[in-house]
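**Q** My questions will all concern the structure given below.
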Amino acid sequence: MVDPSKIFAVELLVKLYDSLTLIGERATQRIIPLRVIQLSLTYGMSPHSPSAFAQYGSYLALIEDEFEEGYRYVKFALSLMKKLPSRAHVGTTMFWSTQTRIHIEPMQSSIECYLDAYKAHMKSGNTYAVASSSMYNNCCLWSGKELNAVVDSMKDTMKESKYHKNFVVL
């Protein structure tokens, strides 16, 4: 994708999807990633395209209960992410992919992908880093990690959230 207006539209839609999931807007959760996928297939892939495939895979798995189909989109998003030259949006793709992966793959190993998403978000300066860290902590409770370590990690996440004024986690 080379047209700046198309790249901007894709970027805007991917970020809009992130915001709408925070407020629980389900009516558009299917439409936005599909539109980004349509733009990507028509005009070429952009750095945000893998995120749209991961978002749609997450939607299919978690909202529509189509886990196998959603997982296929997630695997495609992860392979596409590795082929694109830009690493600025890797964290978003990894975050949405892990949402589906924890339902298909063993939880103990797949939740570690939230930490990878956290590191990628921190490298790119994305505020979703705190969300990745928070999801990791929540999943650690369910996966049987040592409770004291999880509590310490949660305290660190809360401090970081306050520092960055990211109050969604609080």
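For the structure tokens, the naming scheme is as follows: chains receive sequential letters (A, B, ...) according to their order of presentation, residues are indexed from 1 within each chain, and ligands are indexed from 1 in presentation order.
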Can you pull out the residues contacting region 50-56 of chain A? Cut-off 7 Å, using only C-alpha atoms, and skip same-chain residues under 6 positions away; I want them as a PyMOL selection string.

**A** chain A and resi 14+30+33-34+36-37+73-74+77-78+80-81+92-93+96-97

**Q** Using only C-alpha atoms, which residues sit within 10 Å of Leu12 (chain A) once same-chain residues fewer than 5 positions away are excluded, as an MDAnalysis selection string?

**A** chainID A and resid 6:7 17 36 48

**Q** Please measure the separation of CA of Pro47 (chain A) and CA of Asp65 (chain A), giving the value in Å to one decimal.

**A**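 So the two atoms, CA of Pro47 (chain A) and CA of Asp65 (chain A), lie 27.7 Å apart.
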
**Q** Excluding region 127-137 of chain A and residues on its chain fewer than 6 positions from it, collect all residues at most 12 Å away from it, counting only C-alpha atoms, and give them as a VMD selection string.

**A** chain A and resid 15 18 to 19 22 89 to 99 102 107 to 121 143 to 170

**Q** Take the selection from the previous step and output its residues with C-alpha atoms, as a compact mmCIF listing (two decimals), in the first residue's frame.

**A**
```txt
# COMPACT_ATOMS: atom_id res chain seq x y z
CA LYS A 15 -6.94 2.35 16.34
CA ASP A 18 -8.96 -0.72 19.93
CA SER A 19 -11.05 2.09 21.39
CA LEU A 22 -12.72 -0.83 25.52
CA HIS A 89 2.80 -2.21 15.15
CA VAL A 90 3.96 -5.68 16.16
CA GLY A 91 2.65 -5.24 19.72
CA THR A 92 -0.94 -4.69 18.57
CA THR A 93 -0.86 -7.77 16.35
CA MET A 94 0.62 -9.86 19.15
CA PHE A 95 -1.90 -8.58 21.69
CA TRP A 96 -4.95 -9.47 19.58
CA SER A 97 -3.42 -12.77 18.50
CA THR A 98 -2.82 -13.85 22.06
CA GLN A 99 -6.49 -13.22 22.88
CA ILE A 102 -4.93 -18.73 24.92
CA MET A 107 -2.41 -21.35 28.43
CA GLN A 108 0.87 -21.60 30.35
CA SER A 109 2.90 -21.11 27.19
CA SER A 110 0.60 -18.84 25.20
CA ILE A 111 0.23 -16.18 27.91
CA GLU A 112 3.92 -15.49 27.60
CA CYS A 113 3.01 -13.87 24.27
CA TYR A 114 1.39 -11.07 26.29
CA LEU A 115 4.85 -10.29 27.66
CA ASP A 116 6.23 -10.23 24.12
CA ALA A 117 3.39 -7.86 23.16
CA TYR A 118 4.22 -5.71 26.20
CA LYS A 119 7.87 -5.44 25.14
CA ALA A 120 6.91 -4.60 21.56
CA HIS A 121 4.44 -1.95 22.76
CA SER A 143 -2.72 -20.72 34.79
CA GLY A 144 -1.42 -21.62 38.24
CA LYS A 145 1.56 -19.30 38.59
CA GLU A 146 2.81 -18.59 42.10
CA LEU A 147 0.40 -16.17 43.72
CA ASN A 148 3.02 -13.93 45.37
CA ALA A 149 4.81 -13.43 42.04
CA VAL A 150 1.50 -12.58 40.35
CA VAL A 151 0.59 -10.08 43.07
CA ASP A 152 4.01 -8.40 42.75
CA SER A 153 3.61 -8.22 38.98
CA MET A 154 0.12 -6.73 39.37
CA LYS A 155 1.46 -4.07 41.74
CA ASP A 156 4.14 -3.17 39.19
CA THR A 157 1.49 -2.92 36.46
CA MET A 158 -0.64 -0.63 38.64
CA LYS A 159 2.37 1.63 39.30
CA GLU A 160 3.18 1.75 35.61
CA SER A 161 -0.44 2.47 34.76
CA LYS A 162 -0.53 5.40 37.17
CA TYR A 163 2.81 6.68 35.87
CA HIS A 164 1.57 6.68 32.26
CA LYS A 165 -1.87 7.96 33.32
CA ASN A 166 -3.47 4.92 31.69
CA PHE A 167 -6.48 4.48 33.95
CA VAL A 168 -8.25 1.81 31.91
CA VAL A 169 -6.37 -0.89 33.85
CA LEU A 170 -7.12 0.65 37.22
```

**Q** Could you work out how far CA of Leu60 (chain A) lies from CA of Val10 (chain A), giving the answer in Å with one decimal?

**A**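 The value is 20.0 Å.
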
**Q** By how many Å are CA of Thr100 (chain A) and CA of Tyr71 (chain A) apart?

**A** 6.4 Å

**Q** I need the residues in region 32-113 of chain A that are alpha helix (DSSP H) according to DSSP; give them as JSON, numbers by chain.

**A** {"A": [32, 33, 34, 35, 36, 37, 38, 39, 40, 41, 42, 43, 49, 50, 51, 52, 53, 54, 55, 56, 57, 58, 59, 60, 61, 62, 67, 68, 69, 70, 71, 72, 73, 74, 75, 76, 77, 78, 79, 80, 81, 82, 83, 90, 91, 92, 93, 94, 95, 96, 97, 98, 99, 100, 101, 102, 103, 104, 107, 108, 109, 110, 112, 113]}

**Q** For each of A:Met1, A:Thr28, A:Leu141, A:Leu62, take the minimum atom-to-atom distance to Thr42 (chain A), counting only C-alpha atoms, then give the residue where this is smallest.

**A**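 Selected residue with least distance to Thr42 (chain A): A:Met1.
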
**Q** Kindly indicate which residue among A:Leu39, A:Leu84, A:Cys139, A:Glu66 lies nearest to Glu11 (chain A), using only C-alpha atoms for the distances.

**A**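 Using only C-alpha atoms, Glu11 (chain A) sits closest to A:Leu39.
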
**Q** Between A:Ser58, A:Leu20, A:Ser46, A:Ile31, which has the minimum distance to Pro85 (chain A) (counting only C-alpha atoms)?

**A** A:Ser46
